[in-house]
Amino acid sequence: MKVMQRLEYATQQAVSSQSLKKTSSAAAELWHLVLTYCRSLDLPLCSGFLVECAANQDWLSFICHAQENLFPARKVLEIIDQEFSNPHLREHLHLTFKSILRQSEDTQQTKSGKRRSGEQKRTNKERNLKKERNVERAVTSRDQRARLYTRIGVPQIAKQPASAARVRKKGSLPEEFKEADAVDGELKQETVDLDANPELPVLIAEQLPSNIFDVLLSCQTYDQPWRAMLAHSVALKRNLFAIFAACQQDAEMLDCACVWLCVTCGSGALGPALTHIKGSIQWHVWSLTDLHSLLIVAAAHRPTVAKAMSLALEYFDPANLLLDFLHFHEAVTIRMDFVEALKHLKKLNSRLDKCDADGKYPGKIGDRIWMEQLCGRIADTLLLICPDWMLSRFLRVMSDAPFGESFNSVVTDYSKLNKIFKILEKAEIDPSICFAQGSHDDDKQNDGMPNSPERWLVSNHSVVLQALLEQGQFEAAREYADALGLASDTITERQILSELETFQLSDLWKTSQGRAKFWLRCHDEFCSNRCSPETAGRFFETLLDHPSAAGISQRERAVVLEYALHWYNKGLHDRKLNGKAELEKNMWLCRIRGVMELQKETRAVAEDKVVSPWLVTDRDGRLSSSTLSVTPMNPSDMLVRQKTIVGALSSKDIDLWLKMVSHGELKPVLESYEEQMALETVIGQVLNEQDVTGACRLSTLFRQSTDDLEIVVSCLRLAAGQLTFDELSSPLRLRMEDLKREVEEHPCGLQSPLTSEPPWDQGYGDSGQMTSYLDTLSNLCDCGKKICLRIAISFKMALLLRLPYQSVLESSSFDVLLQLLGSNMVHKYSQAEKFLAACVLSPTEVVSFLSEHIVKALRVHFGECSLSPGQAGLIFNPSSSPEEFQRLAHLCSDPSLLGNWLLEDAVSIASSTADSTVSSLSVEVELMILSHECHTLACSMEGIASVLRLARQRTPYMAKAKQFKLMVHLLVSIGRYREMYFILDSLRRHDQFEMLLQSGSNKHEKLKRALLDYLWRPQDKTLREMVALHLTMYRAVAEMHKQEADKQLVALRGVRLEPSFAFKQALSRIQEQYTDAAENFFKDECLHYGQRCQAMASLVALQIRLLASDVRVICLSTQEVVQLMSRHTSFHDCLIVAEAYKMRSMSSWIEPLYNQVIVRGNFSYYAEFKRTFPRKSSLCSEIAARYMRGSGHTGSVVEHMKHFLTQVPQLQVRYKYALELGFHDVATAVLEEESEEFLRDLELLG
């Protein structure tokens, strides 16, 4: 074996040294020596050359060498499985040789079944050997190719007929054949030149060799062997040759894939895609269009060829992005695994995103645009042939992926299709009608397949909509129309008509309120669904022609007509001018008649009870319900109906009215007096709605004017300088003079609210006189008073701000208000309130204006921005007093609205700045403080809670930015200390608590108390003492300590004493609390309370010391205290107990002294008592009395009593009680002393 290994190594070195290709025929000749050595010694054949061929994927040399040297099939299979890296080539070679092995085994079994004699076997063997020698003898050693062909079963290569091929030019043969060809000179092989002869013959299967090796060798004679292999693959209907062709270096993967797909699927399945190819497809040069058509047609056959579609890409272009989509197609059509299908689509999207990043398409076949268009067509085909039960899941997968999102090409929007499918499914409409193809068979593409499903949806939408509308599925129909981008006018109109039919059957139809609400709802439906003005206007105009509208009142007719007019006015060219004028006239006539109806019904003032049909809309363009109400209206709510004064001055309607007045052409058209009075009422209503132009148009239409209209127009012209006081009409001047005289006579009489201010004639000259005229006209006017007030206040604003009146009118209300609030006038807030009262502004608009400029003022104040030249001043000074801001906030009708806006601004600033700067945090803090102030003014607890919630959220950011001063400012300014403990926690956590003490906290009693309450919680004695020292609140701290100690001590009442560590710890905490309380009381010079706490601390300390002896001294009653003092032997302990329980009086010590001294003879106890308490004669008398109350005294007790009397310092007392107690010896002893004479004298004196 060692010789064998060395021989293999030497052969490898020889091949390398001669620079031979490792898989060439010359290299194979060098390996013959090794094989000969193996055969001579009956060793296993060396497979070195086969391994080299497999490593280089040279399957042809591999097969030839194995066949030539008769390698065992099992050995060849082992090498194929282990050495070939190409999986497709490995699979096909494995199948080929396994088939050969199986045939060999079957032959051997057949032969072994027959009985043969040993002679026959030997004869056959000799015969075979003889034939082999004859063949070898016929082949010369120089003709290597002939020997090769003989070994693999091909005696010689026949020449191609002239009709089938042309002679290849000399030198075009393979390199390994050139030498043999030159030496021999006999073998001049004719090969096919495809480029020279494009009209190649059709190969006939019966005339072609059936052996795989014969076919492969035959194809090598062509100029392009791979194309010949493709032709043979088609002719023989064997797709294996297409794979062999793909293994050639110059092979086109596109042609190989097309041929493989055609052979695998068959012409029957792919016939529609091959109709454009003339003749046979054997030598056809394939294009991307061909592959596109093949895959589209194959996709239409669903499961039958789905696997073949994905295999075609796996074999010939495994890196192509199309393969992921074909795997999706396979998962849907064959396995119906939609989870796996979704994974493949998502993988396709991710690979497309990567392709965008790399800028290179990974596939060999086609490009990205071709792939995307093909995927879109296959998906559309799959959708159109998808069965109904699978359609929902398919669309859901396509929408969830989402398919086409990463495409650069336009494909079907499957998200839209899925949405439409859900709509129809929810509405129980058969979705298959969306993809009906019966009437569109002519709409085909070149491959015979239908166009995009979106085209079918658009073309069939009328059928679907009709089905939905017939079932009353209006919302579903609207969603369907929105999904397709269709107008929903028809749907809305059908829905309203359907609701009208239902509504007419209800009791609400019989009430005017119910019908009015219904008209409003119809208008809202048209608005919300964005219907065209022509559709909505036509609906309301024709509504009165409906039979059900015969019984409705004139007022409601006016409402409906004005709805129609409102919609027609929104369309610029939807209706002719004459038609609109006639419609408007009919509307006013109905309104006039409605007033007359109401006057007859109620006998009340028409203006207070009339239904105003004029359209009052909110900021979103929706009609206000107050428009159709039968209750008295509030004209101040009519926001959109307000006409600007500037527009009124230049209105053609006013010019026409003035012209008619000057020429005396205003002669009433209406005949009856009732109609004329009703017209005056209607004109007054329009003036109350601040529509001067509309009132003039109405007046000229019916040629009738009113006094109020004349006053309003005069007021307009006076302020604009178009008219002087002398040019006013005589009746109007007389009325003004009468009113002025009445005001002078009765100063508290009728006055305009605007006249409650200093006279305007001081410092303003003629302009000041004009203000009095305007005020007088305002007082004279009944209807349209708001217009007059607005003109007057605008004129006065012009005077105050030193601006031309025209510029004030042309400016918006907020520009004027900005200049007013930005000035330094003393009465600017009162003037601003009056200006806002005269202007028709919603609360939201006012709040928006104020919040915007407050934020701007804060930004300027903290340096985030600056005022540009020419800008008005700031309306708010952040450094001003809180009262200044309160006056500004009171400009809003509801300060809580301003608080909400300011809070939203604070949130917006917080969310817009990634890194919080000092200026942005300062603005946030001020906005929170101002918002809290607004909510406090409005008593809005919900708003206050929102401010505190935001303050809690922003505190960590302020701490992170180390803006502790802002935190303290926020805490002190809001003043809700107990609810803002989170700021105190943050300050304490960052060791910045002293900063709070530097903010003047000793001036805020609420803050001082809140600090103490807070500091009591964390039990930080050092910090608490520091705060108490700074705030000089020792007594409050002491009281907190004492309360806590008392509370803990009471909790121990009834608890059994035990010398455990936990119990001692509890007593120690109580002792510490009393000690701290005593210290703080002493610091505040509260000596009495300090001593009490000190006594309680001593008592608890005594209890800790007596735990081991199981003596209880805490939580005792008075009787228990006396009993304890009577039986306890330590006077010092008893003294502590007596002081703690306030029993220092002498009467409290009689019983303890009697028991300890007289009964037990503990005179040391008495000695300590005498050192503590002063001696009193009453003590001896009380002890003697206690002794006399007793009976049966023992000798020791008598002796103790005698000894006690001997220690009484007063001789008279001692002698007296010695006689009373019968202690004559003690009395005699007293007399025997030198004091006998003293006692006798006392007796005589007594």
# chains A, B, ... in the order shown; residues from 1 in each chain; ligands from 1
$ residues_around --residues "Leu7 of chain A" --least-positions-apart "4" --cutoff "7 Å" --atoms "only C-alpha atoms" --output "list of chain:residue names"
A:Val3, A:Thr11, A:Val34
$ residues_around --residues "Ala961 of chain A" --least-positions-apart "3" --cutoff "8 Å" --atoms "only C-alpha atoms" --output "PDB file with all heavy atoms, in the first residue's frame"
ATOM      1  N   SER A 916     -32.894  68.420  26.409  1.00  0.00           N
ATOM      2  CA  SER A 916     -33.505  69.558  27.063  1.00  0.00           C
ATOM      3  C   SER A 916     -32.440  70.600  27.404  1.00  0.00           C
ATOM      4  O   SER A 916     -31.476  70.306  28.118  1.00  0.00           O
ATOM      5  CB  SER A 916     -34.228  69.109  28.334  1.00  0.00           C
ATOM      6  OG  SER A 916     -35.248  68.194  28.004  1.00  0.00           O
ATOM      7  N   THR A 917     -32.617  71.803  26.868  1.00  0.00           N
ATOM      8  CA  THR A 917     -31.706  72.905  27.180  1.00  0.00           C
ATOM      9  C   THR A 917     -32.261  73.703  28.350  1.00  0.00           C
ATOM     10  O   THR A 917     -33.413  73.540  28.750  1.00  0.00           O
ATOM     11  CB  THR A 917     -31.529  73.804  25.952  1.00  0.00           C
ATOM     12  OG1 THR A 917     -32.817  74.337  25.579  1.00  0.00           O
ATOM     13  CG2 THR A 917     -30.968  73.010  24.778  1.00  0.00           C
ATOM     14  N   VAL A 918     -31.433  74.603  28.859  1.00  0.00           N
ATOM     15  CA  VAL A 918     -31.854  75.411  30.004  1.00  0.00           C
ATOM     16  C   VAL A 918     -33.018  76.313  29.613  1.00  0.00           C
ATOM     17  O   VAL A 918     -33.998  76.459  30.359  1.00  0.00           O
ATOM     18  CB  VAL A 918     -30.666  76.245  30.521  1.00  0.00           C
ATOM     19  CG1 VAL A 918     -31.113  77.135  31.668  1.00  0.00           C
ATOM     20  CG2 VAL A 918     -29.528  75.332  30.960  1.00  0.00           C
ATOM     21  N   TYR A 957     -35.995  65.078  34.028  1.00  0.00           N
ATOM     22  CA  TYR A 957     -35.221  65.765  32.989  1.00  0.00           C
ATOM     23  C   TYR A 957     -34.547  67.018  33.557  1.00  0.00           C
ATOM     24  O   TYR A 957     -33.400  67.326  33.195  1.00  0.00           O
ATOM     25  CB  TYR A 957     -36.133  66.132  31.821  1.00  0.00           C
ATOM     26  CG  TYR A 957     -36.662  64.941  31.074  1.00  0.00           C
ATOM     27  CD1 TYR A 957     -37.880  64.369  31.417  1.00  0.00           C
ATOM     28  CD2 TYR A 957     -35.943  64.376  30.027  1.00  0.00           C
ATOM     29  CE1 TYR A 957     -38.371  63.272  30.739  1.00  0.00           C
ATOM     30  CE2 TYR A 957     -36.429  63.282  29.335  1.00  0.00           C
ATOM     31  CZ  TYR A 957     -37.647  62.732  29.699  1.00  0.00           C
ATOM     32  OH  TYR A 957     -38.124  61.643  29.021  1.00  0.00           O
ATOM     33  N   MET A 958     -35.252  67.729  34.428  1.00  0.00           N
ATOM     34  CA  MET A 958     -34.629  68.889  35.063  1.00  0.00           C
ATOM     35  C   MET A 958     -33.483  68.462  35.974  1.00  0.00           C
ATOM     36  O   MET A 958     -32.448  69.135  36.043  1.00  0.00           O
ATOM     37  CB  MET A 958     -35.687  69.675  35.844  1.00  0.00           C
ATOM     38  CG  MET A 958     -36.664  70.433  34.950  1.00  0.00           C
ATOM     39  SD  MET A 958     -37.788  71.515  35.873  1.00  0.00           S
ATOM     40  CE  MET A 958     -39.008  70.316  36.412  1.00  0.00           C
TER      41      MET A 958
END
$ closest_atom_pairs --of "segment 1113-1215 of chain A" --to "segment 1055-1060 of chain A" --cutoff "12 Å" --atoms "only C-alpha atoms" --output "tab-separated table"
residue	atom	partner	partner_atom	distance
A:Val1113	CA	A:Leu1057	CA	10.4
A:Ile1114	CA	A:Leu1057	CA	10.2
A:Cys1115	CA	A:Val1055	CA	9.9
$ write_last_selection --atoms "N, CA, C and O atoms" --output "short mmCIF file (atom, residue, chain, number, x, y, z; two decimals), in the first residue's frame"
data_model
loop_
_atom_site.label_atom_id
_atom_site.label_comp_id
_atom_site.auth_asym_id
_atom_site.auth_seq_id
_atom_site.Cartn_x
_atom_site.Cartn_y
_atom_site.Cartn_z
N VAL A 1113 -43.11 49.03 83.32
CA VAL A 1113 -43.20 50.39 83.82
C VAL A 1113 -43.89 51.31 82.81
O VAL A 1113 -44.14 52.49 83.12
N ILE A 1114 -44.15 50.84 81.60
CA ILE A 1114 -44.79 51.67 80.58
C ILE A 1114 -46.25 51.30 80.47
O ILE A 1114 -46.66 50.18 80.78
N CYS A 1115 -47.03 52.28 80.03
CA CYS A 1115 -48.46 52.06 79.79
C CYS A 1115 -49.16 51.52 81.03
O CYS A 1115 -49.88 50.51 80.99
#
$ residues_around --residues "Glu674 of chain A" --least-positions-apart "6" --cutoff "10 Å" --atoms "only C-alpha atoms" --output "compact mmCIF listing (two decimals) with C-alpha atoms, in the first residue's frame"
# COMPACT_ATOMS: atom_id res chain seq x y z
CA ILE A 592 -91.20 86.34 5.33
CA ARG A 593 -94.25 84.12 5.24
CA VAL A 595 -92.56 85.11 10.23
CA MET A 596 -96.17 85.84 9.46
CA GLN A 599 -96.94 85.89 14.48
CA GLU A 680 -88.71 94.43 8.57
$ residues_around --residues "Ser415 of chain A" --least-positions-apart "2" --cutoff "10 Å" --atoms "only C-alpha atoms" --output "PDB file with N, CA and C atoms, in the first residue's frame"
ATOM      1  N   LEU A 395     -55.607  36.920  -0.544  1.00  0.00           N
ATOM      2  CA  LEU A 395     -55.544  38.378  -0.483  1.00  0.00           C
ATOM      3  C   LEU A 395     -54.966  38.850   0.845  1.00  0.00           C
ATOM      4  N   ARG A 396     -55.269  38.142   1.918  1.00  0.00           N
ATOM      5  CA  ARG A 396     -54.731  38.533   3.220  1.00  0.00           C
ATOM      6  C   ARG A 396     -53.215  38.404   3.244  1.00  0.00           C
ATOM      7  N   VAL A 397     -52.707  37.316   2.667  1.00  0.00           N
ATOM      8  CA  VAL A 397     -51.254  37.118   2.622  1.00  0.00           C
ATOM      9  C   VAL A 397     -50.597  38.192   1.772  1.00  0.00           C
ATOM     10  N   MET A 398     -51.193  38.484   0.610  1.00  0.00           N
ATOM     11  CA  MET A 398     -50.620  39.499  -0.274  1.00  0.00           C
ATOM     12  C   MET A 398     -50.640  40.878   0.391  1.00  0.00           C
ATOM     13  N   SER A 399     -51.660  41.146   1.175  1.00  0.00           N
ATOM     14  CA  SER A 399     -51.758  42.429   1.851  1.00  0.00           C
ATOM     15  C   SER A 399     -50.827  42.511   3.052  1.00  0.00           C
ATOM     16  N   ASP A 400     -50.651  41.403   3.782  1.00  0.00           N
ATOM     17  CA  ASP A 400     -49.807  41.421   4.973  1.00  0.00           C
ATOM     18  C   ASP A 400     -48.330  41.507   4.621  1.00  0.00           C
ATOM     19  N   ALA A 401     -47.952  41.031   3.414  1.00  0.00           N
ATOM     20  CA  ALA A 401     -46.522  40.968   3.084  1.00  0.00           C
ATOM     21  C   ALA A 401     -45.816  42.327   3.191  1.00  0.00           C
ATOM     22  N   PRO A 402     -46.236  43.451   2.638  1.00  0.00           N
ATOM     23  CA  PRO A 402     -47.234  43.580   1.577  1.00  0.00           C
ATOM     24  C   PRO A 402     -46.568  43.430   0.212  1.00  0.00           C
ATOM     25  N   PHE A 403     -47.272  42.802  -0.698  1.00  0.00           N
ATOM     26  CA  PHE A 403     -46.720  42.516  -2.014  1.00  0.00           C
ATOM     27  C   PHE A 403     -46.632  43.806  -2.831  1.00  0.00           C
ATOM     28  N   GLY A 404     -45.491  44.010  -3.461  1.00  0.00           N
ATOM     29  CA  GLY A 404     -45.290  45.160  -4.336  1.00  0.00           C
ATOM     30  C   GLY A 404     -44.813  46.413  -3.632  1.00  0.00           C
ATOM     31  N   GLU A 405     -44.676  46.379  -2.310  1.00  0.00           N
ATOM     32  CA  GLU A 405     -44.268  47.597  -1.590  1.00  0.00           C
ATOM     33  C   GLU A 405     -42.842  47.991  -1.923  1.00  0.00           C
ATOM     34  N   THR A 412     -50.364  45.497  -9.151  1.00  0.00           N
ATOM     35  CA  THR A 412     -51.695  45.555  -8.545  1.00  0.00           C
ATOM     36  C   THR A 412     -51.586  45.833  -7.049  1.00  0.00           C
ATOM     37  N   ASP A 413     -52.421  46.723  -6.556  1.00  0.00           N
ATOM     38  CA  ASP A 413     -52.454  47.067  -5.137  1.00  0.00           C
ATOM     39  C   ASP A 413     -53.303  46.033  -4.404  1.00  0.00           C
ATOM     40  N   LEU A 417     -57.180  45.526  -2.786  1.00  0.00           N
ATOM     41  CA  LEU A 417     -58.058  44.396  -3.105  1.00  0.00           C
ATOM     42  C   LEU A 417     -58.516  43.677  -1.840  1.00  0.00           C
ATOM     43  N   ASN A 418     -57.597  43.532  -0.891  1.00  0.00           N
ATOM     44  CA  ASN A 418     -57.966  42.865   0.361  1.00  0.00           C
ATOM     45  C   ASN A 418     -58.996  43.680   1.121  1.00  0.00           C
ATOM     46  N   LYS A 419     -58.811  45.005   1.123  1.00  0.00           N
ATOM     47  CA  LYS A 419     -59.789  45.874   1.791  1.00  0.00           C
ATOM     48  C   LYS A 419     -61.156  45.753   1.128  1.00  0.00           C
ATOM     49  N   ILE A 420     -61.181  45.746  -0.205  1.00  0.00           N
ATOM     50  CA  ILE A 420     -62.446  45.606  -0.922  1.00  0.00           C
ATOM     51  C   ILE A 420     -63.078  44.249  -0.643  1.00  0.00           C
ATOM     52  N   PHE A 421     -62.272  43.222  -0.607  1.00  0.00           N
ATOM     53  CA  PHE A 421     -62.801  41.880  -0.333  1.00  0.00           C
ATOM     54  C   PHE A 421     -63.442  41.830   1.047  1.00  0.00           C
ATOM     55  N   ALA A 483     -62.349  53.112  -1.584  1.00  0.00           N
ATOM     56  CA  ALA A 483     -61.216  52.249  -1.919  1.00  0.00           C
ATOM     57  C   ALA A 483     -60.847  52.353  -3.392  1.00  0.00           C
TER      58      ALA A 483
END
$ residues_around --residues "segment 17-25 of chain A" --least-positions-apart "4" --cutoff "9 Å" --atoms "only C-alpha atoms" --output "list in words"
Gln12, Gln13, Glu29, Leu30, Phe49, Leu50, Glu52, Cys53, Asn56, Asp58, Ser61, Phe62, His65, Gln144, Glu176 and Phe177 of chain A
$ residues_around --residues "segment 314-324 of chain A" --least-positions-apart "3" --cutoff "9 Å" --atoms "only C-alpha atoms" --output "NGL selection string"
:A and (87-88 or 243 or 246 or 253-254 or 256-257 or 309-311 or 327-329 or 344-345 or 347-348 or 351-352 or 361-366 or 368 or 371-372 or 374-375)
$ residues_around --residues "Ala487 of chain A" --least-positions-apart "6" --cutoff "9 Å" --atoms "only C-alpha atoms" --output "list of chain:residue names"
A:Arg478, A:Ala481, A:Arg530, A:Cys531, A:Ser532
$ write_last_selection --atoms "N, CA, C and O atoms" --output "CSV table (one decimal), in the first residue's frame"
chain,number,residue,atom,x,y,z
A,478,ARG,N,-70.0,53.0,0.5
A,478,ARG,CA,-69.1,54.2,0.6
A,478,ARG,C,-67.7,53.8,0.8
A,478,ARG,O,-66.7,54.3,0.2
A,481,ALA,N,-66.5,52.6,-2.6
A,481,ALA,CA,-66.2,53.7,-3.5
A,481,ALA,C,-64.9,54.4,-3.1
A,481,ALA,O,-64.1,54.8,-3.9
A,530,ARG,N,-68.3,64.8,1.7
A,530,ARG,CA,-67.7,65.7,0.6
A,530,ARG,C,-68.3,65.5,-0.7
A,530,ARG,O,-67.7,65.3,-1.7
A,531,CYS,N,-69.6,65.7,-0.7
A,531,CYS,CA,-70.4,65.6,-1.9
A,531,CYS,C,-70.2,66.9,-2.7
A,531,CYS,O,-69.9,67.9,-2.2
A,532,SER,N,-70.5,66.8,-4.0
A,532,SER,CA,-70.4,68.0,-4.8
A,532,SER,C,-71.5,69.0,-4.5
A,532,SER,O,-72.6,68.6,-4.1
$ atom_distance --atom1 "atom CA of Glu1199 of chain A" --atom2 "atom CA of Ala1185 of chain A"
16.4 Å
$ closest_residue --among "A:Ser851, A:Gln82, A:Gln1212, A:Ser919" --to "Leu902 of chain A" --atoms "only C-alpha atoms"
A:Ser851
$ select_by_dssp --residues "segment 1034-1242 of chain A" --states "alpha helix (DSSP H)" --output "PyMOL selection string"
chain A and resi 1034-1051+1061-1083+1087-1105+1118-1127+1131-1140+1150-1153+1163-1172+1177-1189+1195-1206+1211-1220+1224-1232+1236-1242
$ atom_distance --atom1 "atom CA of Glu1085 of chain A" --atom2 "atom CA of Arg1144 of chain A"
22.9 Å
$ atom_distance --atom1 "atom CA of His932 of chain A" --atom2 "atom CA of Glu883 of chain A"
13.9 Å
$ decode --residues "segment 317-330 of chain A" --atoms "N, CA, C and O atoms" --output "PDB file, in the first residue's frame"
ATOM      1  N   ASP A 317     -30.726  29.275 -12.133  1.00  0.00           N
ATOM      2  CA  ASP A 317     -30.405  30.593 -11.578  1.00  0.00           C
ATOM      3  C   ASP A 317     -30.877  30.659 -10.131  1.00  0.00           C
ATOM      4  O   ASP A 317     -31.820  31.370  -9.785  1.00  0.00           O
ATOM      5  N   PRO A 318     -30.215  29.928  -9.246  1.00  0.00           N
ATOM      6  CA  PRO A 318     -30.707  29.853  -7.855  1.00  0.00           C
ATOM      7  C   PRO A 318     -30.605  31.178  -7.102  1.00  0.00           C
ATOM      8  O   PRO A 318     -31.276  31.357  -6.101  1.00  0.00           O
ATOM      9  N   ALA A 319     -29.790  32.109  -7.553  1.00  0.00           N
ATOM     10  CA  ALA A 319     -29.662  33.392  -6.864  1.00  0.00           C
ATOM     11  C   ALA A 319     -30.698  34.412  -7.301  1.00  0.00           C
ATOM     12  O   ALA A 319     -30.759  35.511  -6.751  1.00  0.00           O
ATOM     13  N   ASN A 320     -31.524  34.072  -8.271  1.00  0.00           N
ATOM     14  CA  ASN A 320     -32.493  35.026  -8.816  1.00  0.00           C
ATOM     15  C   ASN A 320     -33.582  35.313  -7.787  1.00  0.00           C
ATOM     16  O   ASN A 320     -34.065  34.415  -7.090  1.00  0.00           O
ATOM     17  N   LEU A 321     -33.970  36.611  -7.698  1.00  0.00           N
ATOM     18  CA  LEU A 321     -35.021  36.990  -6.754  1.00  0.00           C
ATOM     19  C   LEU A 321     -36.370  36.394  -7.139  1.00  0.00           C
ATOM     20  O   LEU A 321     -37.252  36.254  -6.288  1.00  0.00           O
ATOM     21  N   LEU A 322     -36.519  36.046  -8.410  1.00  0.00           N
ATOM     22  CA  LEU A 322     -37.786  35.466  -8.856  1.00  0.00           C
ATOM     23  C   LEU A 322     -38.058  34.135  -8.166  1.00  0.00           C
ATOM     24  O   LEU A 322     -39.217  33.740  -8.013  1.00  0.00           O
ATOM     25  N   LEU A 323     -36.993  33.454  -7.740  1.00  0.00           N
ATOM     26  CA  LEU A 323     -37.162  32.141  -7.125  1.00  0.00           C
ATOM     27  C   LEU A 323     -37.986  32.237  -5.839  1.00  0.00           C
ATOM     28  O   LEU A 323     -38.793  31.359  -5.542  1.00  0.00           O
ATOM     29  N   ASP A 324     -37.801  33.312  -5.049  1.00  0.00           N
ATOM     30  CA  ASP A 324     -38.584  33.465  -3.823  1.00  0.00           C
ATOM     31  C   ASP A 324     -40.071  33.584  -4.140  1.00  0.00           C
ATOM     32  O   ASP A 324     -40.908  32.996  -3.446  1.00  0.00           O
ATOM     33  N   PHE A 325     -40.391  34.310  -5.189  1.00  0.00           N
ATOM     34  CA  PHE A 325     -41.808  34.431  -5.548  1.00  0.00           C
ATOM     35  C   PHE A 325     -42.350  33.120  -6.084  1.00  0.00           C
ATOM     36  O   PHE A 325     -43.510  32.766  -5.815  1.00  0.00           O
ATOM     37  N   LEU A 326     -41.548  32.353  -6.823  1.00  0.00           N
ATOM     38  CA  LEU A 326     -42.016  31.054  -7.323  1.00  0.00           C
ATOM     39  C   LEU A 326     -42.193  30.071  -6.172  1.00  0.00           C
ATOM     40  O   LEU A 326     -43.075  29.207  -6.215  1.00  0.00           O
ATOM     41  N   HIS A 327     -41.375  30.183  -5.140  1.00  0.00           N
ATOM     42  CA  HIS A 327     -41.591  29.356  -3.942  1.00  0.00           C
ATOM     43  C   HIS A 327     -42.914  29.736  -3.281  1.00  0.00           C
ATOM     44  O   HIS A 327     -43.637  28.864  -2.775  1.00  0.00           O
ATOM     45  N   PHE A 328     -43.206  31.040  -3.250  1.00  0.00           N
ATOM     46  CA  PHE A 328     -44.518  31.483  -2.749  1.00  0.00           C
ATOM     47  C   PHE A 328     -45.643  30.884  -3.583  1.00  0.00           C
ATOM     48  O   PHE A 328     -46.640  30.384  -3.046  1.00  0.00           O
ATOM     49  N   HIS A 329     -45.482  30.915  -4.901  1.00  0.00           N
ATOM     50  CA  HIS A 329     -46.495  30.344  -5.799  1.00  0.00           C
ATOM     51  C   HIS A 329     -46.681  28.857  -5.543  1.00  0.00           C
ATOM     52  O   HIS A 329     -47.798  28.335  -5.508  1.00  0.00           O
ATOM     53  N   GLU A 330     -45.574  28.168  -5.316  1.00  0.00           N
ATOM     54  CA  GLU A 330     -45.627  26.721  -5.043  1.00  0.00           C
ATOM     55  C   GLU A 330     -46.324  26.447  -3.707  1.00  0.00           C
ATOM     56  O   GLU A 330     -47.136  25.517  -3.596  1.00  0.00           O
TER      57      GLU A 330
END
